[in-house]
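Notes follow once the structure below has been shown.
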Amino acid sequence: MFEVLDHKVRLAFIDERPAPGDRGEPILLIHGFASNHAVNWVFPQWVKTLTEAGRRVVAFDNRGHGRSEKFHDPAAYAMPKMAEDVRVLLDHLGIATADVMGYSMGARIAAFFAKEHKSRVRSMILGGLGHHLVDRAGLPLALAEAMEAPSLEGLADPMQRMFRAFAEATKSDLKALAACARGVRQVLSESEAGEIDLPVLIAVGTKDDVAGDPHELAALFRRARAVDIPGRDHNRAVGDKVYKDSVLEFLEQRP
């Protein structure tokens, strides 16, 4: 844990190094809503996969999640503040530039970070987020309502049930998640996406009904391509081999 001195946010993170002699190029991983760095990146073997490929892997718990500091005010989760945590963490670790990969809400944070700090991003990988980056205002408010519901049993909507069950499984602070869902309402415009002149990979499951179309989003960026993850929904795409292989290939080929 460390304290971010300029806006007083404590963040939990890991910094995993590859074997001696590997090039050790850093990649920063940003998890999705109601998750944490372990569930999103350690358990599905992403950290192992990337360090074995010679990368330095940094992953952290977003504010309101995991072991990082919790807030119950939606204003604390405005997307620029979430993205600023990324900058402060990179500064704390002395990392000037990094590849940045986010999943779902984490992909949205990555895009906002790239918009504000393009010089800090070598390339960007957006998992579990397609065209909804630009045509939907953050997380559905129904997710906040799901976190505020008295119990899982009282929820009938499948998406609400999925995220509430996931939040309970990760032992999350439900009030903090409700505030987060209400706070991350900022939208990246199509023109702003078009100004992000970086190598971009977008990977979304073919059964994902949360992300939006990845190919429509790829068309907005200057240097992007989309990958379909066959037969996977929003949650089950995270650790998929097609996703991992596509990312490894992308990282090897990007300038």
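All residue names refer to the structure tokens as shown: chains lettered A, B, ... in order, residues numbered from 1 in each chain, ligands numbered from 1 in order.
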Inset, instruction - Could you give me, as a ChimeraX atom specification, the residues within 9 Å of A:Cys180, counting only C-alpha atoms and dropping anything in the same chain fewer than 4 positions from it? - result: /A:33,63-64,71-78,139,144,175-176,184
Inset, instruction - Might you pull out every residue within 9 Å of A:Arg254, with only C-alpha atoms counted and same-chain residues fewer than 3 positions away left off, and present them as a ChimeraX atom specification? - result: /A:122-123,199-200,249-251
Could you take the residues named above and write them with C-alpha atoms, as a PDB file, in the first residue's frame?
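Result file follows (out-v1.pdb):
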ATOM      1  CA  ARG A 122       3.286   3.020 -25.584  1.00  0.00           C
ATOM      2  CA  SER A 123       0.199   1.094 -26.687  1.00  0.00           C
ATOM      3  CA  PRO A 199      -1.343   1.218 -31.469  1.00  0.00           C
ATOM      4  CA  VAL A 200      -4.636  -0.124 -30.065  1.00  0.00           C
ATOM      5  CA  GLU A 249       1.307 -11.015 -30.634  1.00  0.00           C
ATOM      6  CA  PHE A 250       0.226  -7.364 -30.477  1.00  0.00           C
ATOM      7  CA  LEU A 251       2.909  -6.487 -27.942  1.00  0.00           C
TER       8      LEU A 251
END
Please build the interface table for stretch 54-133 of chain A against stretch 207-219 of chain A with a cut-off of 9 Å, listing for each qualifying residue the nearest atom pair and the distance in Å to one decimal; count only C-alpha atoms, order rows by chain and increasing number, and write it as a tab-separated table.
residue	atom	partner	partner_atom	distance
A:Ser104	CA	A:Ala211	CA	7.1
A:Gly127	CA	A:Ala211	CA	8.8
A:Gly128	CA	A:Ala211	CA	5.5
A:Leu129	CA	A:Ala211	CA	4.3
A:Gly130	CA	A:Pro214	CA	3.9
A:His131	CA	A:Leu217	CA	4.6
A:His132	CA	A:Gly212	CA	5.0
A:Leu133	CA	A:Leu217	CA	7.7
Legend entry - Distance criterion (only C-alpha atoms): nearest to A:Val42 out of A:Ala226, A:Gly239, A:Lys118, A:Phe221: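 When distances to A:Val42 are compared using only C-alpha atoms, the smallest one comes from A:Gly239.
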Legend entry - Nearby residues (only C-alpha atoms) at most 12 Å from A:Leu90, same-chain spacing under 3 positions excluded, as a ChimeraX atom specification: /A:4,13,15,26-29,57-60,83-87,93-100,113,117,120-121
Legend entry - Filtered DSSP result for stretch 199-255 of chain A, state alpha helix (DSSP H), as a VMD selection string: chain A and resid 214 to 218 241 to 253
Can you write out the residues you just picked, keeping C-alpha atoms, as a CSV table (one decimal), in the first residue's frame?
chain,number,residue,atom,x,y,z
A,214,PRO,CA,-15.4,-3.9,-30.9
A,215,HIS,CA,-15.1,-3.4,-34.7
A,216,GLU,CA,-17.1,-0.2,-34.6
A,217,LEU,CA,-14.8,1.1,-31.9
A,218,ALA,CA,-11.6,0.1,-33.8
A,241,LYS,CA,-6.4,-18.2,-24.7
A,242,VAL,CA,-7.4,-16.3,-27.9
A,243,TYR,CA,-7.3,-13.1,-25.9
A,244,LYS,CA,-3.9,-13.8,-24.4
A,245,ASP,CA,-2.3,-15.0,-27.7
A,246,SER,CA,-3.7,-11.9,-29.4
A,247,VAL,CA,-2.2,-9.6,-26.7
A,248,LEU,CA,1.2,-11.3,-26.8
A,249,GLU,CA,1.3,-11.0,-30.6
A,250,PHE,CA,0.2,-7.4,-30.5
A,251,LEU,CA,2.9,-6.5,-27.9
A,252,GLU,CA,5.6,-8.1,-30.1
A,253,GLN,CA,4.5,-6.3,-33.2
Tell me, as a PDB file with N, CA and C atoms, in the first residue's frame, which residues lie within 9 Å of A:Asn36, counting only C-alpha atoms; anything in the same chain fewer than 2 positions away does not count.
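Saved result, selection.pdb, follows:
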ATOM      1  N   ILE A  30      -5.313  -2.705 -15.637  1.00  0.00           N
ATOM      2  CA  ILE A  30      -6.383  -2.004 -14.919  1.00  0.00           C
ATOM      3  C   ILE A  30      -7.636  -2.873 -14.953  1.00  0.00           C
ATOM      4  N   HIS A  31      -8.089  -3.296 -13.788  1.00  0.00           N
ATOM      5  CA  HIS A  31      -9.202  -4.243 -13.712  1.00  0.00           C
ATOM      6  C   HIS A  31     -10.569  -3.575 -13.897  1.00  0.00           C
ATOM      7  N   GLY A  32     -11.591  -4.415 -13.982  1.00  0.00           N
ATOM      8  CA  GLY A  32     -12.949  -3.948 -14.211  1.00  0.00           C
ATOM      9  C   GLY A  32     -13.742  -3.727 -12.937  1.00  0.00           C
ATOM     10  N   PHE A  33     -14.988  -3.297 -13.128  1.00  0.00           N
ATOM     11  CA  PHE A  33     -15.893  -2.978 -12.034  1.00  0.00           C
ATOM     12  C   PHE A  33     -16.155  -4.199 -11.161  1.00  0.00           C
ATOM     13  N   ALA A  34     -16.107  -3.976  -9.852  1.00  0.00           N
ATOM     14  CA  ALA A  34     -16.390  -4.993  -8.832  1.00  0.00           C
ATOM     15  C   ALA A  34     -15.311  -6.071  -8.744  1.00  0.00           C
ATOM     16  N   ALA A  38      -6.192  -9.117  -8.358  1.00  0.00           N
ATOM     17  CA  ALA A  38      -5.977 -10.566  -8.263  1.00  0.00           C
ATOM     18  C   ALA A  38      -6.995 -11.331  -9.100  1.00  0.00           C
ATOM     19  N   VAL A  39      -8.270 -10.974  -8.955  1.00  0.00           N
ATOM     20  CA  VAL A  39      -9.333 -11.688  -9.674  1.00  0.00           C
ATOM     21  C   VAL A  39      -9.216 -11.477 -11.179  1.00  0.00           C
ATOM     22  N   ASN A  40      -8.917 -10.249 -11.581  1.00  0.00           N
ATOM     23  CA  ASN A  40      -8.891  -9.926 -13.006  1.00  0.00           C
ATOM     24  C   ASN A  40      -7.609 -10.385 -13.695  1.00  0.00           C
ATOM     25  N   TRP A  41      -6.477 -10.324 -12.971  1.00  0.00           N
ATOM     26  CA  TRP A  41      -5.203 -10.508 -13.646  1.00  0.00           C
ATOM     27  C   TRP A  41      -4.308 -11.619 -13.090  1.00  0.00           C
ATOM     28  N   PHE A  60      -2.975  -2.954 -10.153  1.00  0.00           N
ATOM     29  CA  PHE A  60      -3.402  -2.315  -8.916  1.00  0.00           C
ATOM     30  C   PHE A  60      -4.910  -2.443  -8.735  1.00  0.00           C
ATOM     31  N   ASP A  61      -5.350  -2.212  -7.509  1.00  0.00           N
ATOM     32  CA  ASP A  61      -6.778  -2.161  -7.210  1.00  0.00           C
ATOM     33  C   ASP A  61      -7.258  -0.731  -7.406  1.00  0.00           C
ATOM     34  N   ASN A  62      -8.245  -0.547  -8.275  1.00  0.00           N
ATOM     35  CA  ASN A  62      -8.822   0.776  -8.442  1.00  0.00           C
ATOM     36  C   ASN A  62      -9.385   1.292  -7.122  1.00  0.00           C
ATOM     37  N   HIS A  65     -12.107  -0.420  -4.712  1.00  0.00           N
ATOM     38  CA  HIS A  65     -12.050  -1.853  -4.989  1.00  0.00           C
ATOM     39  C   HIS A  65     -10.901  -2.503  -4.219  1.00  0.00           C
ATOM     40  N   GLY A  66     -11.020  -3.808  -4.017  1.00  0.00           N
ATOM     41  CA  GLY A  66      -9.935  -4.584  -3.432  1.00  0.00           C
ATOM     42  C   GLY A  66      -9.426  -4.008  -2.129  1.00  0.00           C
ATOM     43  N   ARG A  67      -8.111  -3.836  -2.034  1.00  0.00           N
ATOM     44  CA  ARG A  67      -7.477  -3.326  -0.827  1.00  0.00           C
ATOM     45  C   ARG A  67      -7.184  -1.833  -0.907  1.00  0.00           C
ATOM     46  N   THR A 170     -16.337 -11.332  -4.605  1.00  0.00           N
ATOM     47  CA  THR A 170     -15.056 -10.658  -4.383  1.00  0.00           C
ATOM     48  C   THR A 170     -15.031  -9.911  -3.046  1.00  0.00           C
TER      49      THR A 170
END
Inset, instruction - Could you please write out, as a PyMOL selection string, every residue of stretch 102-211 of chain A that DSSP assigns to strand (DSSP E)? - result: chain A and resi 102-103+121-127+199-205
Legend entry - Distance criterion (only C-alpha atoms): nearest to A:Ala165 out of A:Ser35, A:Glu192, A:Arg236, A:Pro80: A:Ser35
Inset, instruction - Quote the spacing between atom CA of A:Met101 and atom CA of A:Phe166 in Å to one decimal place. - result: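 For atom CA of A:Met101 relative to atom CA of A:Phe166, the distance reads 21.2 Å.
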Inset, instruction - Determine the nearest neighbour of A:Glu116 from the options A:Ala149, A:Ala178, A:Met82, A:Ala19, counting only C-alpha atoms. - result: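 Selected residue with least distance to A:Glu116: A:Met82.
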Inset, instruction - Figure out the distance between atom CA of A:Phe43 and atom CA of A:Val204, please, to one decimal in Å. - result: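 Between atom CA of A:Val204 and atom CA of A:Phe43 the gap is 19.3 Å.
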Inset, instruction - Determine the nearest neighbour of A:Val9 from the options A:Val88, A:Asp228, A:Leu177, A:Trp46, counting only C-alpha atoms. - result: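 When distances to A:Val9 are compared using only C-alpha atoms, the smallest one comes from A:Val88.
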Inset, instruction - Can you work out which one of A:Gly138, A:Met159, A:Ile125, A:Thr51 has the shortest atom-to-atom distance to A:Arg223, counting only C-alpha atoms? - result: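 Residue with the minimum atom-to-atom distance to A:Arg223: A:Ile125.
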